[in-house]
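In what follows, a structure is listed as structure tokens, so that the remarks can point back to it.
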Amino acid sequence: MTLLIKGGTVVSATGADLAEVLVDGEIIVAVLQPGSDVAEAAERGAERVLDASGRYVIPGGVDVHTHMSLPFGTDGIVASDDFETGTRAAAWGGTTTIVDFAQQSVGDNVREAFDARLAEAEGQCAIDYGLHMVIGDVNPTSLKEMDILVDEGVSSFKLFMAYPGVLMSNDGQILQAMQQVAGNGGLLMMHAENGLAIDVLAQQAVERGDTNPVTHGYVRRAELESEATHRAIQLAKVGAAPLYIVHLSATEALEQVAIARNKGANVFAETCPQYLYFTLEDHLDQGAEGAKYVCSTPLRSKHDHHQADLWTGLRTNDLSVVSTDHCPFCLKEKSLGADDFRAIPNGIGGVEHRMDMIYQGVTQGEISLARWVELCSTTPARMMGLYPRKGVIAPGADADIVLYNPNHSWTISVENHHMNLDYSSYEGITVPGKVETVLSRGRVIVENDAYLGAKGDGQFLKRGLSSYLI
Ligand code: URP
Ligand code: ZN
Ligand code: ZN
């Protein structure tokens, strides 16, 4: 079916203009000047016309860091959103593509772990999705499997410098994985925290009787994020590999990224809305309630300048992506750490709120309108080998389009969110704009406060190599 979106302001990574968008089937076929002969002809021929007056027309959000049904520990605890509920919530929030993770833990075979995760997502998703591969056991076999996965559209690999004995790789393993991506064109994603030092501090804290959730934040010190970020950058230089630091939260880690980038290194980083809006004191330090805000890297102190520095990094491009690290656990699971913060499952649910929370940064004067689209859609698509199919409103791109009302403020609550989560870490926050209409490959899946899509609408995306690598 042909569909014309008229009357709106099309926002891209380079600016905003009044324009009309013509969609044929799943694809954008033209971006037209309003009132032009060709636009009028397109309207006469269109089977459906969407009125976007007073709305921003933006490429659908691309969230390259989510964890649907992520297992935590060994007791069968899993993140509460699965591919069905999590991608539906993403759609409600204006995100039309996610990149989640398949995970190889110690002793696992990469191929088997990947195939199992692919099967888990198959037929479940509301929006298109890709997968990164977590390499938790770097060995000769897993290194070879990385090359095969790149050929199959899995071009990014996450390693951990934290969680010793579970997912952590040592420096030698990290270097080997970096050498492998240097050869196969992939991107190395790093969870950069010094896990061995954190575990010592955590053990000492518990022995002192400091067992509250806030202690999670104190022991995961900014210096230990900075040290690991620095080490990862140096190893990437030795391994001649591109590096993407995930969920960066501390000024000191950002400084390391900026130093590397100023020297021209292929080092990139993302941050997440929780680090821009929540703090250790106001959110994590609330007794048992703080468990809702336990995530790693942790929330940082409001007495330092982390949040202001992260916004600056988003402006200067030392931070080039905002993703959510969506990893929700319900209250029952969060309360498991009532006597010991180390047992609290790590993660915050927010896949639905990224576009709104970062648009708030526009209204607060932190970033421009174009930068909002660039950080939340265009750059993540380019970074993860999805561009120009995703992340842009241009002829030939998938018709993943959001009509955003910049003048409709509303208040986030567990009562109105769509994530499978029995509280909201964002409860009570009033955001200035609202996602009104969402198209996924040309199909209207959210409109008039109703979800019109279906599970299984989303397709697996075979990704190419990152656009940012030379
Ligand atoms: O706390 C977090 N970030 N949980 C998800 C797993 C990860 O390390 O990204
Ligand atoms: Zn991580
Ligand atoms: Zn994560």
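A note on labels: chains of the structure tokens are A, B, ... as shown, every chain counts residues from 1, and ligands are counted from 1 in their shown order.
Near Ile5 in chain A, within a cut-off of 7 Å and counting only C-alpha atoms, sit the residues A:Leu3, A:Glu20, A:Val21, A:Leu22, A:Val49, A:Leu50, A:Asp51, A:Ala52, with same-chain residues fewer than 2 positions away left out.
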Show me, as JSON lines, the residues of chain A having an atom within 8 Å of ligand 3, each with the closest atom pair and its distance in Å, using only C-alpha atoms and all ligand atoms.
```
{"residue": "A:His65", "atom": "CA", "partner": "ligand 3", "partner_atom_place_in_ligand_line": "1 (Zn)", "distance": 6.0}
{"residue": "A:Thr66", "atom": "CA", "partner": "ligand 3", "partner_atom_place_in_ligand_line": "1 (Zn)", "distance": 6.3}
{"residue": "A:His67", "atom": "CA", "partner": "ligand 3", "partner_atom_place_in_ligand_line": "1 (Zn)", "distance": 6.4}
{"residue": "A:Val246", "atom": "CA", "partner": "ligand 3", "partner_atom_place_in_ligand_line": "1 (Zn)", "distance": 7.4}
{"residue": "A:His247", "atom": "CA", "partner": "ligand 3", "partner_atom_place_in_ligand_line": "1 (Zn)", "distance": 7.1}
{"residue": "A:Asp325", "atom": "CA", "partner": "ligand 3", "partner_atom_place_in_ligand_line": "1 (Zn)", "distance": 4.4}
{"residue": "A:His326", "atom": "CA", "partner": "ligand 3", "partner_atom_place_in_ligand_line": "1 (Zn)", "distance": 7.0}
{"residue": "A:Cys327", "atom": "CA", "partner": "ligand 3", "partner_atom_place_in_ligand_line": "1 (Zn)", "distance": 7.0}
{"residue": "A:Gly347", "atom": "CA", "partner": "ligand 3", "partner_atom_place_in_ligand_line": "1 (Zn)", "distance": 7.6}
```
As a quick test: using only C-alpha atoms and all ligand atoms, which residues lie no more than 9 Å away from ligand 2? Give them as a compact mmCIF listing (two decimals) with N, CA, C and O atoms, in the first residue's frame.
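In the end it all went to result23.txt:
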```txt
# COMPACT_ATOMS: atom_id res chain seq x y z
N LYS A 158 30.47 -8.57 22.37
CA LYS A 158 30.67 -7.93 23.67
C LYS A 158 31.54 -8.80 24.57
O LYS A 158 31.29 -10.00 24.71
N LEU A 159 32.53 -8.18 25.18
CA LEU A 159 33.35 -8.83 26.19
C LEU A 159 33.18 -8.12 27.52
O LEU A 159 32.76 -6.96 27.56
N PHE A 160 33.52 -8.81 28.59
CA PHE A 160 33.35 -8.28 29.94
C PHE A 160 34.70 -8.21 30.65
O PHE A 160 35.44 -9.18 30.66
N ALA A 162 34.33 -7.29 33.81
CA ALA A 162 33.72 -7.49 35.13
C ALA A 162 33.14 -8.90 35.21
O ALA A 162 33.16 -9.65 34.24
N MET A 190 32.73 -3.34 24.82
CA MET A 190 33.33 -3.69 26.10
C MET A 190 32.53 -3.20 27.29
O MET A 190 32.16 -2.02 27.37
N HIS A 191 32.25 -4.14 28.23
CA HIS A 191 31.77 -3.77 29.56
C HIS A 191 33.02 -3.48 30.37
O HIS A 191 33.73 -4.40 30.78
N ALA A 192 33.29 -2.19 30.56
CA ALA A 192 34.58 -1.77 31.11
C ALA A 192 34.45 -1.41 32.60
O ALA A 192 34.16 -0.28 32.97
N GLU A 193 34.64 -2.41 33.45
CA GLU A 193 34.76 -2.21 34.89
C GLU A 193 35.76 -3.25 35.38
O GLU A 193 35.73 -4.40 34.92
N VAL A 246 30.40 0.23 26.20
CA VAL A 246 28.96 0.24 26.50
C VAL A 246 28.69 0.90 27.84
O VAL A 246 29.57 1.01 28.69
N HIS A 247 27.47 1.32 28.01
CA HIS A 247 26.93 1.91 29.25
C HIS A 247 27.96 2.70 30.06
O HIS A 247 28.17 2.43 31.25
N CYS A 295 22.24 -1.23 38.71
CA CYS A 295 22.68 -1.61 37.37
C CYS A 295 24.20 -1.42 37.31
O CYS A 295 24.78 -0.77 38.18
N SER A 296 24.80 -1.99 36.30
CA SER A 296 26.26 -1.89 36.16
C SER A 296 26.61 -1.52 34.73
O SER A 296 26.12 -2.19 33.82
N THR A 297 27.43 -0.49 34.56
CA THR A 297 28.02 0.39 35.54
C THR A 297 26.91 1.04 36.38
O THR A 297 25.76 1.12 35.93
N ASP A 325 20.28 -0.18 27.51
CA ASP A 325 20.72 -1.30 28.35
C ASP A 325 19.50 -1.88 29.08
O ASP A 325 19.58 -2.27 30.25
```
note = Of A:Tyr426, A:Tyr359, A:Tyr163, A:Phe460, the one sitting nearest ligand 1 when using only C-alpha atoms and all ligand atoms is A:Tyr163
ask   = When distances are computed from only C-alpha atoms, which of A:Thr437, A:Gln204, A:Ser368, A:Thr271 shows the smallest separation from Val322 in chain A?
value =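 Closest to Val322 in chain A, using only C-alpha atoms: A:Thr271.
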inquiry  = Excluding Glu374 in chain A and its own-chain neighbours fewer than 5 positions away, which residues fall within 9 Å of it when counting only C-alpha atoms? Please give them as a ChimeraX atom specification.
reply    = /A:12-14,320-321,369,379-380,391
Write the residues you've just listed into a file as an mmCIF file, in the first residue's frame, and include C-alpha atoms for each of them.
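That gives us out.cif:
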```
data_model
loop_
_atom_site.group_PDB
_atom_site.id
_atom_site.type_symbol
_atom_site.label_atom_id
_atom_site.label_comp_id
_atom_site.auth_asym_id
_atom_site.auth_seq_id
_atom_site.Cartn_x
_atom_site.Cartn_y
_atom_site.Cartn_z
ATOM 1 C CA SER A 12 17.259 14.069 10.381
ATOM 2 C CA ALA A 13 20.751 13.991 11.841
ATOM 3 C CA THR A 14 21.525 17.117 9.848
ATOM 4 C CA SER A 320 27.948 9.009 20.040
ATOM 5 C CA VAL A 321 25.023 6.755 20.959
ATOM 6 C CA LEU A 369 16.775 18.426 17.687
ATOM 7 C CA THR A 379 24.411 6.852 14.624
ATOM 8 C CA PRO A 380 23.339 3.595 16.305
ATOM 9 C CA GLY A 391 18.211 5.266 10.994
#
```
ask   = Using only C-alpha atoms, which of the listed residues (A:Gly54, A:Ser80, A:Leu276, A:Lys455) sits closest to Lys334 in chain A?
value = A:Ser80
Shell of 10 Å around Gly396 in chain A, only C-alpha atoms, local chain residues under 5 positions omitted, as a compact mmCIF listing (two decimals) with all heavy atoms, in the first residue's frame:
```txt
# COMPACT_ATOMS: atom_id res chain seq x y z
N VAL A 23 5.64 6.50 1.14
CA VAL A 23 6.00 5.11 1.46
C VAL A 23 5.29 4.20 0.48
O VAL A 23 4.10 4.36 0.22
CB VAL A 23 5.58 4.77 2.91
CG1 VAL A 23 5.78 3.29 3.21
CG2 VAL A 23 6.31 5.66 3.91
N GLU A 26 6.96 -1.51 2.11
CA GLU A 26 7.80 -1.45 3.31
C GLU A 26 8.86 -0.36 3.25
O GLU A 26 9.61 -0.16 4.19
CB GLU A 26 8.50 -2.81 3.49
CG GLU A 26 7.53 -3.97 3.68
CD GLU A 26 8.23 -5.26 4.10
OE1 GLU A 26 9.48 -5.32 4.05
OE2 GLU A 26 7.51 -6.19 4.49
N ILE A 27 8.92 0.35 2.11
CA ILE A 27 10.08 1.19 1.82
C ILE A 27 9.68 2.65 1.63
O ILE A 27 8.62 2.95 1.06
CB ILE A 27 10.78 0.68 0.53
CG1 ILE A 27 11.13 -0.80 0.65
CG2 ILE A 27 12.01 1.51 0.17
CD1 ILE A 27 12.21 -1.13 1.66
N ILE A 28 10.55 3.56 2.07
CA ILE A 28 10.38 4.99 1.76
C ILE A 28 10.82 5.17 0.31
O ILE A 28 11.93 4.75 -0.07
CB ILE A 28 11.26 5.85 2.70
CG1 ILE A 28 10.79 5.70 4.15
CG2 ILE A 28 11.23 7.32 2.25
CD1 ILE A 28 11.76 6.25 5.18
N VAL A 29 9.95 5.79 -0.50
CA VAL A 29 10.33 5.96 -1.91
C VAL A 29 10.63 7.41 -2.28
O VAL A 29 11.29 7.66 -3.29
CB VAL A 29 9.28 5.37 -2.88
CG1 VAL A 29 9.27 3.86 -2.79
CG2 VAL A 29 7.89 5.93 -2.62
N ALA A 30 10.15 8.35 -1.46
CA ALA A 30 10.45 9.75 -1.79
C ALA A 30 10.28 10.64 -0.57
O ALA A 30 9.44 10.37 0.30
CB ALA A 30 9.53 10.23 -2.92
N PRO A 388 22.15 2.19 5.30
CA PRO A 388 21.03 3.13 5.35
C PRO A 388 19.66 2.46 5.37
O PRO A 388 18.66 3.14 5.13
CB PRO A 388 21.21 3.92 4.06
CG PRO A 388 21.77 2.92 3.09
CD PRO A 388 22.60 1.97 3.90
N ARG A 389 19.63 1.17 5.70
CA ARG A 389 18.31 0.54 5.80
C ARG A 389 17.53 1.12 7.00
O ARG A 389 16.32 1.29 6.93
CB ARG A 389 18.50 -0.97 5.96
CG ARG A 389 17.22 -1.71 6.00
CD ARG A 389 17.37 -3.21 5.88
NE ARG A 389 16.08 -3.81 6.14
CZ ARG A 389 15.87 -5.09 6.37
NH1 ARG A 389 16.87 -5.94 6.34
NH2 ARG A 389 14.65 -5.54 6.60
N LYS A 390 18.24 1.36 8.10
CA LYS A 390 17.62 1.92 9.30
C LYS A 390 18.28 3.26 9.64
O LYS A 390 19.40 3.53 9.21
CB LYS A 390 17.81 0.96 10.48
CG LYS A 390 17.30 -0.47 10.25
CD LYS A 390 15.79 -0.54 10.13
CE LYS A 390 15.31 -1.99 10.06
NZ LYS A 390 13.86 -2.07 9.76
```
query = Counting only C-alpha atoms, what is within 7 Å of Gly185 in chain A, bar same-chain residues fewer than 3 positions away, as a PyMOL selection string?
reply = chain A and resi 181-182+465
message = Need the shell around Ile198 in chain A: protein/DNA/RNA residues with any atom at most 8 Å away, counting only C-alpha atoms. Skip same-chain ones fewer than 5 positions apart. Format as a list in words?
response = Val219, Arg220, Arg221 and Leu224 of chain A
Okay, now the selection with C-alpha atoms, as a compact mmCIF listing (two decimals), in the first residue's frame?
```txt
# COMPACT_ATOMS: atom_id res chain seq x y z
CA VAL A 219 32.08 -0.36 45.44
CA ARG A 220 31.80 -0.04 41.67
CA ARG A 221 33.95 3.07 41.84
CA LEU A 224 37.47 1.20 38.34
```
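Closest approach to ligand 1 among A:Thr378, A:Ser424, A:Ser413, A:Gln274 is made by A:Gln274 (distances from only C-alpha atoms and all ligand atoms).
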query = So which one's closest to Val206 in chain A, A:Ala39, A:Ala343, A:Val106, A:Met189? Using only C-alpha atoms, please.
reply =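 For Val206 in chain A, the nearest of the given residues is A:Ala343.
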Sel. of strand (DSSP E) residues, range 39-226 of chain A, as a VMD selection string = chain A and resid 48 to 51 56 to 59 61 to 63 71 to 72 77 to 78 95 to 104 128 to 135 156 to 160 187 to 191
Serialized selection, N, CA and C atoms, as a short mmCIF file (atom, residue, chain, number, x, y, z; two decimals), in the first residue's frame:
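Saved result, result.cif, follows:
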```
data_model
loop_
_atom_site.label_atom_id
_atom_site.label_comp_id
_atom_site.auth_asym_id
_atom_site.auth_seq_id
_atom_site.Cartn_x
_atom_site.Cartn_y
_atom_site.Cartn_z
N ARG A 48 -3.36 5.95 1.49
CA ARG A 48 -3.64 6.51 2.81
C ARG A 48 -2.77 7.75 3.00
N VAL A 49 -3.36 8.78 3.62
CA VAL A 49 -2.59 9.99 3.94
C VAL A 49 -2.62 10.17 5.46
N LEU A 50 -1.44 10.29 6.05
CA LEU A 50 -1.35 10.55 7.49
C LEU A 50 -1.06 12.02 7.69
N ASP A 51 -1.87 12.69 8.48
CA ASP A 51 -1.66 14.10 8.76
C ASP A 51 -0.67 14.24 9.92
N TYR A 56 6.84 16.10 14.66
CA TYR A 56 8.12 15.77 14.06
C TYR A 56 7.99 14.39 13.42
N VAL A 57 8.55 14.27 12.24
CA VAL A 57 8.57 12.97 11.54
C VAL A 57 10.01 12.50 11.58
N ILE A 58 10.27 11.47 12.37
CA ILE A 58 11.66 11.06 12.62
C ILE A 58 11.86 9.59 12.24
N PRO A 59 13.10 9.22 11.91
CA PRO A 59 13.35 7.79 11.68
C PRO A 59 13.14 7.04 13.00
N GLY A 61 13.43 4.88 16.27
CA GLY A 61 14.58 4.74 17.15
C GLY A 61 15.28 3.40 16.96
N VAL A 62 16.58 3.43 17.15
CA VAL A 62 17.41 2.21 17.04
C VAL A 62 18.13 2.06 18.38
N ASP A 63 17.72 1.07 19.14
CA ASP A 63 18.29 0.84 20.48
C ASP A 63 19.22 -0.37 20.38
N PRO A 71 19.24 -14.06 31.59
CA PRO A 71 19.37 -14.78 32.86
C PRO A 71 20.33 -14.05 33.81
N PHE A 72 19.99 -14.07 35.10
CA PHE A 72 20.91 -13.51 36.11
C PHE A 72 21.19 -14.59 37.13
N ILE A 77 16.58 -16.95 37.42
CA ILE A 77 16.05 -15.58 37.33
C ILE A 77 16.34 -15.03 35.94
N VAL A 78 15.31 -14.48 35.30
CA VAL A 78 15.52 -13.88 33.97
C VAL A 78 14.86 -12.50 33.92
N THR A 95 10.76 3.19 19.31
CA THR A 95 11.94 2.45 18.86
C THR A 95 11.47 1.33 17.93
N THR A 96 12.04 1.30 16.73
CA THR A 96 11.59 0.33 15.73
C THR A 96 12.65 -0.72 15.38
N THR A 97 13.82 -0.60 16.01
CA THR A 97 14.85 -1.63 15.85
C THR A 97 15.57 -1.78 17.18
N ILE A 98 15.80 -3.03 17.56
CA ILE A 98 16.70 -3.27 18.71
C ILE A 98 17.84 -4.17 18.24
N VAL A 99 18.96 -4.06 18.94
CA VAL A 99 20.00 -5.08 18.82
C VAL A 99 20.23 -5.62 20.23
N ASP A 100 19.89 -6.89 20.40
CA ASP A 100 19.98 -7.58 21.68
C ASP A 100 21.24 -8.46 21.65
N PHE A 101 21.35 -9.36 22.58
CA PHE A 101 22.58 -10.16 22.69
C PHE A 101 22.27 -11.66 22.72
N ALA A 102 23.10 -12.42 22.00
CA ALA A 102 23.21 -13.85 22.28
C ALA A 102 24.42 -14.00 23.20
N GLN A 103 24.41 -14.97 24.08
CA GLN A 103 25.48 -15.03 25.09
C GLN A 103 26.13 -16.40 25.19
N GLN A 104 27.44 -16.42 24.97
CA GLN A 104 28.23 -17.62 25.25
C GLN A 104 28.86 -17.44 26.64
N ASP A 128 11.87 -4.98 14.05
CA ASP A 128 13.06 -5.67 13.56
C ASP A 128 14.15 -5.71 14.63
N TYR A 129 14.96 -6.73 14.55
CA TYR A 129 15.95 -6.95 15.61
C TYR A 129 17.21 -7.59 15.05
N GLY A 130 18.32 -7.24 15.67
CA GLY A 130 19.59 -7.90 15.39
C GLY A 130 20.15 -8.45 16.69
N LEU A 131 21.26 -9.14 16.57
CA LEU A 131 21.91 -9.70 17.76
C LEU A 131 23.41 -9.40 17.74
N HIS A 132 23.94 -8.99 18.89
CA HIS A 132 25.38 -9.02 19.13
C HIS A 132 25.69 -10.39 19.74
N MET A 133 26.95 -10.76 19.76
CA MET A 133 27.33 -12.01 20.43
C MET A 133 28.22 -11.68 21.63
N VAL A 134 27.82 -12.13 22.81
CA VAL A 134 28.70 -12.04 23.98
C VAL A 134 29.67 -13.21 23.93
N ILE A 135 30.95 -12.90 23.94
CA ILE A 135 31.96 -13.96 24.01
C ILE A 135 32.43 -14.03 25.46
N SER A 156 29.21 -7.63 15.75
CA SER A 156 29.69 -6.98 16.98
C SER A 156 29.70 -8.00 18.12
N PHE A 157 30.71 -7.87 18.99
CA PHE A 157 30.98 -8.86 20.02
C PHE A 157 31.22 -8.15 21.34
N LYS A 158 30.47 -8.57 22.37
CA LYS A 158 30.67 -7.93 23.67
C LYS A 158 31.54 -8.80 24.57
N LEU A 159 32.53 -8.18 25.18
CA LEU A 159 33.35 -8.83 26.19
C LEU A 159 33.18 -8.12 27.52
N PHE A 160 33.52 -8.81 28.59
CA PHE A 160 33.35 -8.28 29.94
C PHE A 160 34.70 -8.21 30.65
N LEU A 187 33.18 -5.30 15.36
CA LEU A 187 33.31 -4.24 16.37
C LEU A 187 33.35 -4.90 17.74
N LEU A 188 34.32 -4.50 18.57
CA LEU A 188 34.45 -5.07 19.90
C LEU A 188 33.73 -4.16 20.89
N MET A 189 32.72 -4.66 21.56
CA MET A 189 31.99 -3.88 22.57
C MET A 189 32.52 -4.30 23.95
N MET A 190 32.73 -3.34 24.82
CA MET A 190 33.33 -3.69 26.10
C MET A 190 32.53 -3.20 27.29
N HIS A 191 32.25 -4.14 28.23
CA HIS A 191 31.77 -3.77 29.56
C HIS A 191 33.02 -3.48 30.37
#
```
query = Which of these residues is nearest to ligand 1, using only C-alpha atoms and all ligand atoms: A:Gly217, A:Pro395, A:Gly35, A:Gly107?
reply =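 Of A:Gly217, A:Pro395, A:Gly35, A:Gly107, the one nearest ligand 1 is A:Gly217, counting only C-alpha atoms and all ligand atoms.
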message = Need to verify the contact set: Arg354 in chain A, 8 Å, only C-alpha atoms, exclusion of same-chain residues closer than 5 positions in sequence. Can you return it as a ChimeraX atom specification?
response = /A:93,273,322-324,376
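If you look at CA of Ala42 in chain A and CA of Val402 in chain A, they are 20.1 Å away from each other.
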